[in-house]
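S.K.: So I've got this file, target.txt, and it contains compact mmCIF, C-alpha atoms:
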```txt
# COMPACT_ATOMS: atom_id res chain seq x y z
CA ASN N 1 53.28 43.75 97.68
CA ALA N 2 52.37 40.40 96.10
CA GLY N 3 55.89 38.87 95.88
CA VAL N 4 55.72 35.66 93.84
CA THR N 5 52.31 34.57 92.55
CA GLN N 6 51.62 31.16 91.05
CA THR N 7 48.54 30.24 89.06
CA PRO N 8 46.68 27.99 89.22
CA LYS N 9 46.87 26.69 92.80
CA PHE N 10 45.35 23.31 91.99
CA ARG N 11 44.87 21.36 88.80
CA VAL N 12 43.89 17.87 87.73
CA LEU N 13 45.01 16.72 84.29
CA LYS N 14 44.42 13.60 82.30
CA THR N 15 47.42 11.73 80.94
CA GLY N 16 48.51 13.29 77.67
CA GLN N 17 46.95 16.70 78.28
CA SER N 18 49.02 19.84 78.24
CA MET N 19 49.08 22.83 80.53
CA THR N 20 51.07 25.90 81.49
CA LEU N 21 51.88 27.04 84.99
CA LEU N 22 52.40 30.75 85.40
CA CYS N 23 54.77 32.41 87.84
CA ALA N 24 54.77 36.17 88.24
CA GLN N 25 57.00 38.28 90.49
CA ASP N 26 56.80 42.01 91.16
CA MET N 27 60.18 42.48 92.87
CA ASN N 28 62.26 43.11 89.74
CA HIS N 29 64.25 39.94 90.42
CA GLU N 30 66.65 38.73 87.76
CA TYR N 31 66.68 35.02 88.59
CA MET N 32 63.65 32.72 88.56
CA TYR N 33 63.32 29.01 89.24
CA TRP N 34 60.89 26.13 88.97
CA TYR N 35 61.13 23.30 91.49
CA ARG N 36 59.02 20.24 92.10
CA GLN N 37 58.47 18.85 95.56
CA ASP N 38 57.78 15.17 96.14
CA PRO N 39 57.53 13.38 99.50
CA GLY N 40 60.92 12.35 100.86
CA MET N 41 62.80 13.95 97.97
CA GLY N 42 62.89 17.58 98.93
CA LEU N 43 62.81 20.13 96.14
CA ARG N 44 64.34 19.30 92.79
CA LEU N 45 65.18 21.97 90.25
CA ILE N 46 63.40 21.65 86.90
CA HIS N 47 64.53 24.75 85.01
CA TYR N 48 65.77 28.19 85.87
CA SER N 49 66.40 31.56 84.28
CA VAL N 50 69.10 34.12 85.00
CA GLY N 51 67.40 36.90 83.11
CA GLU N 52 64.77 37.84 80.56
CA GLY N 53 65.05 35.68 77.46
CA THR N 54 67.31 33.06 79.07
CA THR N 55 66.54 29.59 80.40
CA ALA N 56 68.64 26.67 81.59
CA LYS N 57 68.02 23.06 82.58
CA GLY N 58 68.07 21.94 86.15
CA GLU N 59 68.23 18.51 87.71
CA VAL N 60 64.94 17.08 86.33
CA PRO N 61 64.05 18.93 83.09
CA ASP N 62 62.62 16.05 81.03
CA GLY N 63 58.96 16.48 80.10
CA TYR N 64 58.96 20.21 80.85
CA ASN N 65 59.60 23.37 78.89
CA VAL N 66 59.93 26.95 80.10
CA SER N 67 59.91 30.47 78.74
CA ARG N 68 60.93 33.85 80.15
CA LEU N 69 59.68 36.36 77.61
CA LYS N 70 59.16 39.05 80.22
CA LYS N 71 61.36 39.65 83.25
CA GLN N 72 58.48 39.32 85.67
CA ASN N 73 57.04 36.07 84.29
CA PHE N 74 58.38 32.53 84.14
CA LEU N 75 56.16 29.90 82.51
CA LEU N 76 56.43 26.15 83.00
CA GLY N 77 54.82 23.97 80.35
CA LEU N 78 53.89 20.31 80.32
CA GLU N 79 53.34 19.23 76.72
CA SER N 80 52.02 15.73 77.43
CA ALA N 81 51.36 15.15 81.10
CA ALA N 82 52.27 11.84 82.71
CA PRO N 83 51.30 10.45 86.15
CA SER N 84 54.98 10.79 87.18
CA GLN N 85 54.51 14.54 86.96
CA THR N 86 52.03 14.52 89.80
CA SER N 87 53.70 16.83 92.28
CA VAL N 88 53.66 20.19 93.99
CA TYR N 89 55.39 22.81 91.85
CA PHE N 90 57.08 25.83 93.37
CA CYS N 91 58.30 28.91 91.64
CA ALA N 92 60.96 31.07 93.25
CA SER N 93 62.83 34.22 92.40
CA SER N 94 65.98 35.93 93.65
CA TYR N 95 67.48 39.38 93.15
CA ARG N 96 70.71 38.41 91.41
CA ASN N 97 71.58 34.86 92.38
CA SER N 98 70.78 32.31 95.02
CA LEU N 99 72.97 34.06 97.62
CA TYR N 100 70.33 36.73 98.03
CA GLY N 101 67.83 34.12 99.14
CA TYR N 102 64.82 32.88 97.29
CA THR N 103 61.29 34.24 97.53
CA PHE N 104 58.88 31.37 96.95
CA GLY N 105 55.35 31.25 95.65
CA SER N 106 52.74 29.24 97.52
CA GLY N 107 52.83 26.35 95.07
CA THR N 108 50.67 24.56 92.51
CA ARG N 109 49.39 21.11 93.36
CA LEU N 110 49.13 19.12 90.12
CA THR N 111 47.57 15.70 89.84
CA VAL N 112 47.83 13.71 86.60
CA VAL N 113 45.36 10.82 86.33
CA ALA S 114 78.22 18.12 92.10
CA GLN S 115 77.12 19.35 95.47
CA SER S 116 74.69 17.40 97.64
CA VAL S 117 72.92 17.83 100.94
CA THR S 118 71.88 15.16 103.41
CA GLN S 119 69.37 15.60 106.20
CA PRO S 120 69.57 12.33 108.12
CA ASP S 121 66.44 12.87 110.22
CA ILE S 122 63.17 12.54 108.35
CA HIS S 123 61.01 13.37 111.36
CA ILE S 124 61.81 14.85 114.80
CA THR S 125 59.45 15.31 117.71
CA VAL S 126 60.21 17.65 120.61
CA SER S 127 58.22 19.08 123.47
CA GLU S 128 57.43 22.77 123.57
CA GLY S 129 60.18 24.59 125.45
CA ALA S 130 62.79 21.94 124.74
CA SER S 131 65.91 22.62 122.70
CA LEU S 132 66.17 21.62 119.07
CA GLU S 133 68.97 20.58 116.73
CA LEU S 134 68.36 19.61 113.11
CA ARG S 135 71.23 18.00 111.28
CA CYS S 136 72.55 18.84 107.84
CA ASN S 137 75.61 17.42 106.09
CA TYR S 138 76.87 18.62 102.74
CA SER S 139 79.20 17.34 100.09
CA TYR S 140 81.04 19.96 98.11
CA GLY S 141 84.65 20.42 97.10
CA ALA S 142 85.01 24.10 97.81
CA THR S 143 83.67 26.29 100.58
CA PRO S 144 79.94 26.12 100.16
CA TYR S 145 77.23 28.65 100.58
CA LEU S 146 74.71 27.15 103.03
CA PHE S 147 71.12 27.92 103.85
CA TRP S 148 68.22 26.82 106.01
CA TYR S 149 64.64 27.28 104.84
CA VAL S 150 61.36 26.55 106.63
CA GLN S 151 58.09 25.46 105.07
CA SER S 152 54.80 25.80 106.94
CA PRO S 153 51.92 23.57 105.79
CA GLY S 154 50.53 24.62 102.43
CA GLN S 155 53.08 27.37 102.01
CA GLY S 156 56.23 28.06 100.07
CA LEU S 157 59.63 28.06 101.72
CA GLN S 158 60.97 30.95 103.79
CA LEU S 159 64.65 31.72 104.35
CA LEU S 160 65.73 31.29 108.00
CA LEU S 161 69.44 32.01 107.72
CA LYS S 162 72.47 31.69 105.46
CA TYR S 163 76.23 31.22 105.73
CA PHE S 164 78.77 32.51 103.25
CA SER S 165 82.00 33.01 105.18
CA GLY S 166 83.41 34.45 108.39
CA ASP S 167 81.87 33.71 111.77
CA THR S 168 80.83 30.08 111.77
CA LEU S 169 77.82 30.72 114.02
CA VAL S 170 75.08 32.55 112.18
CA GLN S 171 71.87 33.97 113.56
CA GLY S 172 68.59 33.87 111.73
CA ILE S 173 64.98 34.82 112.11
CA LYS S 174 62.58 33.39 114.69
CA GLY S 175 65.38 32.73 117.19
CA PHE S 176 67.18 30.12 115.08
CA GLU S 177 70.93 29.80 114.69
CA ALA S 178 73.22 27.46 112.78
CA GLU S 179 76.85 26.49 113.10
CA PHE S 180 79.14 25.72 110.18
CA LYS S 181 81.72 23.03 110.95
CA ARG S 182 84.07 22.48 108.04
CA SER S 183 85.78 19.47 109.64
CA GLN S 184 82.44 17.66 109.90
CA SER S 185 80.91 19.04 106.68
CA SER S 186 77.91 20.04 108.73
CA PHE S 187 75.59 22.99 109.12
CA ASN S 188 73.22 22.11 111.95
CA LEU S 189 70.25 24.26 112.87
CA ARG S 190 69.52 24.96 116.54
CA LYS S 191 66.99 26.69 118.72
CA PRO S 192 67.24 26.89 122.52
CA SER S 193 63.50 26.72 123.22
CA VAL S 194 60.97 25.50 120.68
CA HIS S 195 57.52 27.06 120.33
CA TRP S 196 54.44 25.28 119.01
CA SER S 197 54.50 27.59 115.99
CA ASP S 198 57.88 26.13 114.96
CA ALA S 199 56.17 22.94 113.78
CA ALA S 200 57.01 22.81 110.08
CA GLU S 201 59.34 21.17 107.60
CA TYR S 202 62.92 22.38 107.51
CA PHE S 203 65.21 22.24 104.51
CA CYS S 204 68.94 22.65 104.34
CA ALA S 205 70.36 23.86 101.02
CA VAL S 206 73.74 24.43 99.39
CA ALA S 207 74.80 26.64 96.52
CA PRO S 208 77.89 26.17 94.36
CA SER S 209 80.44 28.91 93.86
CA SER S 210 78.52 30.14 90.80
CA ALA S 211 75.53 30.58 93.13
CA ARG S 212 73.15 30.14 90.23
CA GLN S 213 70.86 27.68 91.98
CA LEU S 214 70.31 25.91 95.28
CA THR S 215 70.34 22.18 95.91
CA PHE S 216 67.97 21.22 98.71
CA GLY S 217 68.06 18.37 101.16
CA SER S 218 65.09 16.05 101.56
CA GLY S 219 63.79 17.92 104.57
CA THR S 220 63.12 17.24 108.27
CA GLN S 221 59.57 17.36 109.56
CA LEU S 222 59.37 18.87 113.05
CA THR S 223 56.48 18.05 115.38
CA VAL S 224 56.11 20.02 118.60
CA LEU S 225 54.24 18.43 121.51
CA PRO S 226 52.35 20.64 123.98
```
Any chance you could give the structure as structure tokens?
M.R.:
Amino acid sequence: NAGVTQTPKFRVLKTGQSMTLLCAQDMNHEYMYWYRQDPGMGLRLIHYSVGEGTTAKGEVPDGYNVSRLKKQNFLLGLESAAPSQTSVYFCASSYRNSLYGYTFGSGTRLTVV
Amino acid sequence: AQSVTQPDIHITVSEGASLELRCNYSYGATPYLFWYVQSPGQGLQLLLKYFSGDTLVQGIKGFEAEFKRSQSSFNLRKPSVHWSDAAEYFCAVAPSSARQLTFGSGTQLTVLP
């Protein structure tokens, strides 16, 4: 039972490059989330989805786009990476809403130089 | 909007000693409250949650937390800390819609032998 899988685990980008982070869950969860974690700031919500084909902005959505074409996948895109986007990115999913508790992936460490 | 404050950035305790991690929230209605734990290089894991009812909730790994409405607090406790409890701990709050969690900035726990 894989749970939530994030790929890649590590990535170094040059400023201005684009990339997509993939999150896949095999638990048939409705809700999925992307957070970024920065030292001393906890986790901040970037975007989330309450079901296939839906997305919504979180606390820090600027510079990111997301898509949820399939229920099990939630993609996070950076169109033009900036050094301020250097962070650890976590994907999470939950059965119906946050009250069921999140299942987290192990994270993607992204460095933008 | 809801917010969560964890006033202690770093706490050090000796193995076998008791532990209390502080969490204060700001939210107009009765909140849904959570504690998560993050081991190094890992995603977050749910320790316990409070929705309503008994203000003392039990979680995994011997942790408990007490909801105090008058103090807007949800402190995490453990009677006797083990070396394996060394990790970062996050308090989180969900609004009544429960669509997403807002996390505190975290408390890093170091356990001395």
S.K.: Report the distance between CA of Phe90 (chain N) and CA of Tyr149 (chain S) in Å, rounded to one decimal place.
M.R.: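 Distance between the two atoms: 13.8 Å.
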S.K.: Return the single residue from N:Gln37, N:Ser98, N:Thr5, N:Asn65 that is closest to Ala24 (chain N), with distances computed using all atoms listed in the file.
M.R.: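 Of all the options, N:Thr5 lies closest to Ala24 (chain N).
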S.K.: I want to know what sits within 6 Å of region 183-195 of chain S, based on only C-alpha atoms, with residues of the same chain fewer than 3 positions away left out; could you give that as a PyMOL selection string?
M.R.: chain S and resi 128-138+176-180+198
S.K.: Output as a PyMOL selection string the set of chain N residues within 9 Å of chain S, with distances taken over only C-alpha atoms.
M.R.: chain N and resi 31+33+39-45+48+50+58+90-92+96-99+101-107
S.K.: Report, in Å to a single decimal, how far apart CA of Gln25 (chain N) and CA of Lys174 (chain S) are.
M.R.: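 Result for CA of Lys174 (chain S) versus CA of Gln25 (chain N): 25.3 Å, one decimal.
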S.K.: Quick one: pull the distance between CA of Cys23 (chain N) and CA of Leu75 (chain N), Å, one decimal.
M.R.: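 CA of Leu75 (chain N) lies 6.1 Å from CA of Cys23 (chain N).
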S.K.: Of the candidates S:Val170, S:Gly175, S:Lys181, S:Thr125, which one gets nearest to Pro144 (chain S) if we count only C-alpha atoms?
M.R.: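 The closest residue to Pro144 (chain S) is S:Lys181.
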S.K.: Hey, can you pull every residue with an atom no more than 9 Å from (63.7, 41.1, 91.6), using only C-alpha atoms, and send it as a VMD selection string?
M.R.: chain N and resid 25 to 32 71 to 72 93 to 96
S.K.: At a cut-off of 7 Å, using only C-alpha atoms, what residues contact Glu52 (chain N)? Leave out same-chain residues fewer than 5 positions from it and give the result as a ChimeraX atom specification.
M.R.: /N:68-71
S.K.: From (66.6, 25.8, 80.3), in the file's coordinates, out to 8 Å: which residues are reached, counting all atoms listed in the file? Answer as an NGL selection string.
M.R.: :N and (47-49 or 54-58 or 61 or 65-66)
S.K.: Under the rule that all atoms listed in the file are counted, which of S:Arg182, S:Ala200, S:Asp167, S:Val126 is the nearest residue to Thr143 (chain S)?
M.R.: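 Of S:Arg182, S:Ala200, S:Asp167, S:Val126, the one nearest Thr143 (chain S) is S:Arg182, counting all atoms listed in the file.
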S.K.: Region 62-64 of chain N: which residues within 8 Å, counting only C-alpha atoms, same-chain residues fewer than 2 positions away excluded, as a ChimeraX atom specification?
M.R.: /N:46,60,66,76-81
S.K.: Using the file's own x, y and z axes, so that the box edges lie along x, y and z, what centre and edge lengths in Å (one decimal) does a box around every listed atom of region 19-37 of chain N get when 6 Å is added on each side? Give it as JSON.
M.R.:
```
{"center_x": 57.9, "center_y": 31.0, "center_z": 88.0, "size_x": 29.6, "size_y": 36.3, "size_z": 27.0}
```
S.K.: For each of N:Ser67, N:Ala82, N:Gly53, N:Arg36, take the minimum atom-to-atom distance to Thr20 (chain N), counting only C-alpha atoms, then give the residue where this is smallest.
M.R.: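 For Thr20 (chain N), the nearest of the candidates is N:Ser67.
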S.K.: Would you list the contacts of Ala199 (chain S) as a short mmCIF file (atom, residue, chain, number, x, y, z; two decimals) with C-alpha atoms, in the coordinates of the input, taking every protein, DNA or RNA residue within 9 Å and counting all atoms listed in the file, but skipping same-chain residues closer than 6 positions in sequence?
M.R.:
```cif
data_model
loop_
_atom_site.label_atom_id
_atom_site.label_comp_id
_atom_site.auth_asym_id
_atom_site.auth_seq_id
_atom_site.Cartn_x
_atom_site.Cartn_y
_atom_site.Cartn_z
CA SER S 152 54.80 25.80 106.94
CA GLN S 221 59.57 17.36 109.56
CA LEU S 222 59.37 18.87 113.05
CA THR S 223 56.48 18.05 115.38
CA VAL S 224 56.11 20.02 118.60
#
```
S.K.: Please identify all polymer residues within 8 Å of Phe10 (chain N), counting all atoms listed in the file, omitting same-chain residues fewer than 2 positions from it, and present them as a list in words.
M.R.: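 Everything that qualifies: Pro8, Val12, Thr108, Arg109 and Leu110 of chain N.
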S.K.: Since the input lacks atoms, please generate N, CA, C and O atoms for region 3-21 of chain N and provide them as a PDB file, in the coordinates of the input.
M.R.:
```
ATOM      1  N   GLY N   3      54.770  39.798  95.818  1.00  0.00           N
ATOM      2  CA  GLY N   3      55.890  38.870  95.880  1.00  0.00           C
ATOM      3  C   GLY N   3      55.886  37.962  94.670  1.00  0.00           C
ATOM      4  O   GLY N   3      55.974  38.411  93.535  1.00  0.00           O
ATOM      5  N   VAL N   4      55.752  36.645  94.906  1.00  0.00           N
ATOM      6  CA  VAL N   4      55.720  35.660  93.840  1.00  0.00           C
ATOM      7  C   VAL N   4      54.325  35.021  93.826  1.00  0.00           C
ATOM      8  O   VAL N   4      53.891  34.488  94.850  1.00  0.00           O
ATOM      9  N   THR N   5      53.664  35.100  92.689  1.00  0.00           N
ATOM     10  CA  THR N   5      52.310  34.570  92.550  1.00  0.00           C
ATOM     11  C   THR N   5      52.297  33.440  91.543  1.00  0.00           C
ATOM     12  O   THR N   5      52.795  33.594  90.428  1.00  0.00           O
ATOM     13  N   GLN N   6      51.739  32.314  91.943  1.00  0.00           N
ATOM     14  CA  GLN N   6      51.620  31.160  91.050  1.00  0.00           C
ATOM     15  C   GLN N   6      50.156  30.916  90.725  1.00  0.00           C
ATOM     16  O   GLN N   6      49.303  30.947  91.613  1.00  0.00           O
ATOM     17  N   THR N   7      49.886  30.640  89.467  1.00  0.00           N
ATOM     18  CA  THR N   7      48.540  30.240  89.060  1.00  0.00           C
ATOM     19  C   THR N   7      48.626  29.073  88.084  1.00  0.00           C
ATOM     20  O   THR N   7      49.551  29.001  87.263  1.00  0.00           O
ATOM     21  N   PRO N   8      47.706  28.095  88.183  1.00  0.00           N
ATOM     22  CA  PRO N   8      46.680  27.990  89.220  1.00  0.00           C
ATOM     23  C   PRO N   8      47.255  27.409  90.510  1.00  0.00           C
ATOM     24  O   PRO N   8      48.429  27.060  90.568  1.00  0.00           O
ATOM     25  N   LYS N   9      46.448  27.296  91.531  1.00  0.00           N
ATOM     26  CA  LYS N   9      46.870  26.690  92.800  1.00  0.00           C
ATOM     27  C   LYS N   9      46.663  25.180  92.797  1.00  0.00           C
ATOM     28  O   LYS N   9      47.390  24.439  93.444  1.00  0.00           O
ATOM     29  N   PHE N  10      45.661  24.736  92.093  1.00  0.00           N
ATOM     30  CA  PHE N  10      45.350  23.310  91.990  1.00  0.00           C
ATOM     31  C   PHE N  10      44.952  22.998  90.553  1.00  0.00           C
ATOM     32  O   PHE N  10      44.345  23.830  89.881  1.00  0.00           O
ATOM     33  N   ARG N  11      45.291  21.776  90.133  1.00  0.00           N
ATOM     34  CA  ARG N  11      44.870  21.360  88.800  1.00  0.00           C
ATOM     35  C   ARG N  11      44.918  19.856  88.710  1.00  0.00           C
ATOM     36  O   ARG N  11      45.835  19.210  89.234  1.00  0.00           O
ATOM     37  N   VAL N  12      43.905  19.296  88.032  1.00  0.00           N
ATOM     38  CA  VAL N  12      43.890  17.870  87.730  1.00  0.00           C
ATOM     39  C   VAL N  12      43.919  17.726  86.219  1.00  0.00           C
ATOM     40  O   VAL N  12      43.096  18.325  85.516  1.00  0.00           O
ATOM     41  N   LEU N  13      44.865  16.957  85.725  1.00  0.00           N
ATOM     42  CA  LEU N  13      45.010  16.720  84.290  1.00  0.00           C
ATOM     43  C   LEU N  13      44.839  15.250  83.985  1.00  0.00           C
ATOM     44  O   LEU N  13      45.150  14.394  84.823  1.00  0.00           O
ATOM     45  N   LYS N  14      44.413  14.978  82.775  1.00  0.00           N
ATOM     46  CA  LYS N  14      44.420  13.600  82.300  1.00  0.00           C
ATOM     47  C   LYS N  14      45.741  13.342  81.590  1.00  0.00           C
ATOM     48  O   LYS N  14      46.353  14.265  81.014  1.00  0.00           O
ATOM     49  N   THR N  15      46.185  12.106  81.629  1.00  0.00           N
ATOM     50  CA  THR N  15      47.420  11.730  80.940  1.00  0.00           C
ATOM     51  C   THR N  15      47.352  12.163  79.486  1.00  0.00           C
ATOM     52  O   THR N  15      46.366  11.906  78.798  1.00  0.00           O
ATOM     53  N   GLY N  16      48.429  12.834  79.048  1.00  0.00           N
ATOM     54  CA  GLY N  16      48.510  13.290  77.670  1.00  0.00           C
ATOM     55  C   GLY N  16      48.074  14.725  77.452  1.00  0.00           C
ATOM     56  O   GLY N  16      48.380  15.324  76.415  1.00  0.00           O
ATOM     57  N   GLN N  17      47.355  15.305  78.406  1.00  0.00           N
ATOM     58  CA  GLN N  17      46.950  16.700  78.280  1.00  0.00           C
ATOM     59  C   GLN N  17      48.140  17.629  78.511  1.00  0.00           C
ATOM     60  O   GLN N  17      49.159  17.239  79.084  1.00  0.00           O
ATOM     61  N   SER N  18      47.972  18.840  78.047  1.00  0.00           N
ATOM     62  CA  SER N  18      49.020  19.840  78.240  1.00  0.00           C
ATOM     63  C   SER N  18      48.505  20.970  79.123  1.00  0.00           C
ATOM     64  O   SER N  18      47.298  21.164  79.251  1.00  0.00           O
ATOM     65  N   MET N  19      49.456  21.669  79.747  1.00  0.00           N
ATOM     66  CA  MET N  19      49.080  22.830  80.530  1.00  0.00           C
ATOM     67  C   MET N  19      50.291  23.712  80.763  1.00  0.00           C
ATOM     68  O   MET N  19      51.435  23.285  80.578  1.00  0.00           O
ATOM     69  N   THR N  20      50.016  24.940  81.164  1.00  0.00           N
ATOM     70  CA  THR N  20      51.070  25.900  81.490  1.00  0.00           C
ATOM     71  C   THR N  20      50.837  26.447  82.875  1.00  0.00           C
ATOM     72  O   THR N  20      49.726  26.862  83.207  1.00  0.00           O
ATOM     73  N   LEU N  21      51.890  26.426  83.676  1.00  0.00           N
ATOM     74  CA  LEU N  21      51.880  27.040  84.990  1.00  0.00           C
ATOM     75  C   LEU N  21      52.546  28.415  84.877  1.00  0.00           C
ATOM     76  O   LEU N  21      53.622  28.543  84.278  1.00  0.00           O
TER      77      LEU N  21
END
```
